[in-house]
file start_27.txt (compact mmCIF, C-alpha atoms)
# COMPACT_ATOMS: atom_id res chain seq x y z
CA MET A 1 0.00 0.00 0.00
CA PRO A 2 1.57 3.35 -1.02
CA THR A 3 2.13 5.84 1.78
CA ILE A 4 1.39 9.54 1.56
CA THR A 5 3.29 11.40 4.26
CA THR A 6 2.04 14.72 5.63
CA THR A 7 4.15 16.91 7.89
CA SER A 8 3.52 20.23 9.57
CA LEU A 9 5.09 23.34 8.07
CA GLY A 10 3.81 25.39 11.00
CA ASN A 11 0.90 27.77 11.51
CA GLY A 12 -1.68 25.41 10.02
CA ALA A 13 0.15 24.64 6.78
CA PHE A 14 1.10 21.07 5.86
CA GLU A 15 3.14 19.41 3.16
CA SER A 16 2.06 16.06 1.73
CA LEU A 17 4.51 13.95 -0.26
CA LEU A 18 3.04 11.55 -2.82
CA GLY A 19 5.91 9.88 -4.62
CA ARG A 20 7.50 12.65 -6.71
CA HIS A 21 4.65 15.06 -6.00
CA ARG A 22 4.32 17.65 -3.25
CA ILE A 23 1.07 19.31 -2.15
CA VAL A 24 0.87 22.11 0.40
CA THR A 25 -2.43 22.53 2.23
CA ASP A 26 -3.57 25.13 4.70
CA VAL A 27 -6.30 25.18 7.29
CA PRO A 28 -9.34 27.40 6.63
CA THR A 29 -8.91 31.11 7.32
CA GLU A 30 -11.32 30.86 10.26
CA MET A 31 -8.74 28.52 11.85
CA GLY A 32 -5.87 30.91 11.13
CA GLY A 33 -5.02 29.72 7.65
CA GLU A 34 -3.27 32.08 5.26
CA ASP A 35 -4.35 30.59 1.90
CA ARG A 36 -0.95 28.95 1.36
CA GLY A 37 -2.67 26.05 -0.37
CA PRO A 38 -6.06 24.38 -0.68
CA GLU A 39 -7.90 23.27 2.42
CA PRO A 40 -7.85 19.50 3.03
CA ALA A 41 -11.61 19.22 2.38
CA GLN A 42 -11.10 20.92 -0.99
CA LEU A 43 -8.56 18.25 -1.96
CA PHE A 44 -11.12 15.60 -1.05
CA VAL A 45 -13.58 17.24 -3.44
CA VAL A 46 -10.85 17.64 -6.10
CA SER A 47 -10.13 13.91 -5.94
CA LEU A 48 -13.80 13.13 -6.56
CA GLY A 49 -14.08 15.52 -9.51
CA ALA A 50 -10.83 14.34 -11.10
CA CYS A 51 -11.80 10.69 -10.69
CA VAL A 52 -15.24 11.24 -12.23
CA ALA A 53 -13.68 13.17 -15.11
CA ALA A 54 -11.13 10.43 -15.80
CA ILE A 55 -13.65 7.58 -15.82
CA VAL A 56 -16.21 9.48 -17.91
CA GLN A 57 -13.45 10.48 -20.38
CA ALA A 58 -12.42 6.82 -20.66
CA TYR A 59 -16.05 5.80 -21.25
CA CYS A 60 -16.43 8.42 -23.98
CA ALA A 61 -13.26 7.23 -25.70
CA ALA A 62 -14.35 3.58 -25.56
CA HIS A 63 -17.82 4.35 -26.94
CA ASP A 64 -16.98 6.84 -29.69
CA LEU A 65 -18.46 9.80 -27.83
CA ASP A 66 -16.76 13.13 -28.36
CA GLY A 67 -15.25 13.79 -24.93
CA ARG A 68 -13.38 16.95 -25.93
CA ASP A 69 -13.70 19.76 -23.40
CA LEU A 70 -15.24 17.41 -20.84
CA ARG A 71 -15.81 19.32 -17.61
CA VAL A 72 -16.78 18.20 -14.12
CA ASP A 73 -17.88 20.84 -11.62
CA VAL A 74 -18.19 19.84 -7.99
CA ASP A 75 -19.97 22.04 -5.48
CA PHE A 76 -19.87 21.24 -1.80
CA GLU A 77 -21.26 22.53 1.44
CA LYS A 78 -19.35 22.50 4.69
CA THR A 79 -20.95 22.48 8.09
CA GLY A 80 -19.56 22.76 11.58
CA GLN A 81 -19.99 20.87 14.83
CA PRO A 82 -18.77 18.40 13.84
CA ALA A 83 -16.89 19.99 10.95
CA ARG A 84 -17.56 18.00 7.79
CA LEU A 85 -18.84 18.13 4.25
CA ARG A 86 -22.55 17.55 4.16
CA ARG A 87 -23.59 17.92 0.54
CA ILE A 88 -21.70 17.36 -2.69
CA LEU A 89 -23.12 18.06 -6.14
CA VAL A 90 -21.28 16.73 -9.20
CA ARG A 91 -22.17 18.26 -12.58
CA ILE A 92 -20.81 16.62 -15.71
CA ALA A 93 -20.62 18.45 -19.04
CA VAL A 94 -19.77 16.65 -22.26
CA PRO A 95 -20.30 19.59 -24.63
CA HIS A 96 -19.52 17.83 -27.92
CA ALA A 97 -21.65 14.75 -27.31
CA ASP A 98 -25.41 14.60 -27.77
CA MET A 99 -26.52 14.34 -24.14
CA SER A 100 -30.23 14.73 -24.91
CA SER A 101 -30.87 11.01 -24.42
CA ASP A 102 -32.05 10.04 -20.92
CA ARG A 103 -30.47 6.64 -21.50
CA LEU A 104 -27.02 8.13 -22.22
CA ARG A 105 -27.23 10.47 -19.21
CA THR A 106 -28.19 7.49 -17.01
CA VAL A 107 -25.29 5.42 -18.35
CA ILE A 108 -22.79 8.26 -17.83
CA GLN A 109 -24.09 8.78 -14.29
CA ARG A 110 -23.63 5.09 -13.52
CA VAL A 111 -20.12 5.24 -14.97
CA ALA A 112 -19.33 8.30 -12.82
CA GLU A 113 -20.73 6.62 -9.70
CA HIS A 114 -18.27 3.77 -10.25
CA CYS A 115 -15.14 5.90 -10.14
CA PRO A 116 -12.89 4.59 -7.34
CA VAL A 117 -13.27 7.72 -5.19
CA HIS A 118 -17.07 7.62 -5.27
CA GLU A 119 -17.04 3.86 -4.69
CA THR A 120 -14.81 4.41 -1.66
CA ILE A 121 -17.03 7.13 -0.23
CA SER A 122 -20.10 4.95 -0.72
CA THR A 123 -18.70 1.70 0.65
CA LEU A 124 -15.86 2.52 3.05
CA ASP A 125 -15.89 0.10 5.96
CA ALA A 126 -13.70 2.00 8.37
CA ILE A 127 -10.74 4.31 8.85
CA ARG A 128 -8.34 3.21 11.56
CA PHE A 129 -5.90 5.42 13.43
CA GLU A 130 -2.59 4.16 14.81
CA PHE A 131 0.05 6.11 16.71
CA GLU A 132 3.82 5.89 16.42
CA GLY A 133 6.40 6.95 18.94
CA GLU A 134 4.08 7.18 21.91
CA ARG A 135 5.79 7.69 25.17
CA GLY A 136 4.66 5.59 28.07
CA ALA A 137 2.88 7.11 31.05
CA GLY A 138 5.30 8.86 33.34
CA ALA A 139 8.11 8.97 30.78
CA THR A 140 10.52 11.87 31.05
CA ASP A 141 12.83 13.57 28.60
call {"tool": "encode", "arguments": {"input": "start_27.txt", "output": "structure tokens"}}
result
Amino acid sequence: MPTITTTSLGNGAFESLLGRHRIVTDVPTEMGGEDRGPEPAQLFVVSLGACVAAIVQAYCAAHDLDGRDLRVDVDFEKTGQPARLRRILVRIAVPHADMSSDRLRTVIQRVAEHCPVHETISTLDAIRFEFEGERGAGATD
């Protein structure tokens, strides 16, 4: 299983290393963030939109649909206490394909719903947390 490592850069900013790639995130401004990168929840939404776009593009290519200028817009709503995303709306535009058919729209929606990110959101069993380097009770420097 590949590991993505995230470390603190200080003041609410974090750096995540994904193989050769580096992503800097920042906490929301209401938590003291300074817009040094996207908020973590935004990256979650980005991963959904990118995954949907990739799988719909592949479907278009495999079925001779014109997937040029394919666009996926994802809107989301955040709520507090507990802080989380509560609504996500995914809009798919395939401007050069005839999307007037209900059947084609239904098929494309089913394809989109089977992108790995959506499948994970829909079926995730659990997220576990483990801790490294814990110091025992009463330990001193």
call {"tool": "atom_distance", "arguments": {"input": "start_27.txt", "atom1": "CA of Leu104 (chain A)", "atom2": "CA of Arg87 (chain A)"}}
result
25.0 Å
call {"tool": "atom_distance", "arguments": {"input": "start_27.txt", "atom1": "CA of Ala93 (chain A)", "atom2": "CA of Gln109 (chain A)"}}
result
11.3 Å
call {"tool": "closest_residue", "arguments": {"input": "start_27.txt", "among": "A:His96, A:Arg103, A:Arg20, A:Arg91", "to": "Leu65 (chain A)", "atoms": "all atoms listed in the file"}}
result
A:His96
call {"tool": "atom_distance", "arguments": {"input": "start_27.txt", "atom1": "CA of Thr79 (chain A)", "atom2": "CA of Arg110 (chain A)"}}
result
27.9 Å
call {"tool": "closest_residue", "arguments": {"input": "start_27.txt", "among": "A:Leu43, A:Val24, A:Ile92, A:Ala50", "to": "Thr106 (chain A)", "atoms": "only C-alpha atoms"}}
result
A:Ile92
call {"tool": "closest_residue", "arguments": {"input": "start_27.txt", "among": "A:Pro95, A:Leu17, A:Glu132, A:Gly80", "to": "Arg68 (chain A)", "atoms": "only C-alpha atoms"}}
result
A:Pro95
call {"tool": "closest_residue", "arguments": {"input": "start_27.txt", "among": "A:Gly33, A:Gly133, A:Pro2, A:Pro40", "to": "Leu18 (chain A)", "atoms": "all atoms listed in the file"}}
result
A:Pro2
call {"tool": "closest_residue", "arguments": {"input": "start_27.txt", "among": "A:Val45, A:Ile23, A:Met31, A:Cys115", "to": "Arg86 (chain A)", "atoms": "all atoms listed in the file"}}
result
A:Val45
call {"tool": "residues_around", "arguments": {"input": "start_27.txt", "residues": "Thr6 (chain A)", "least_positions_apart": "4", "cutoff": "9 Å", "atoms": "all atoms listed in the file", "output": "list in words"}}
result
Phe14, Glu15, Ser16 and Leu17 of chain A
call {"tool": "closest_residue", "arguments": {"input": "start_27.txt", "among": "A:Gly19, A:Gly67, A:Pro82, A:Gly12", "to": "Asp35 (chain A)", "atoms": "only C-alpha atoms"}}
result
A:Gly12
call {"tool": "residues_around", "arguments": {"input": "start_27.txt", "residues": "Tyr59 (chain A)", "least_positions_apart": "3", "cutoff": "8 Å", "atoms": "all atoms listed in the file", "output": "list of chain:residue names"}}
result
A:Ile55, A:Val56, A:Ala62, A:His63, A:Ile108, A:Val111
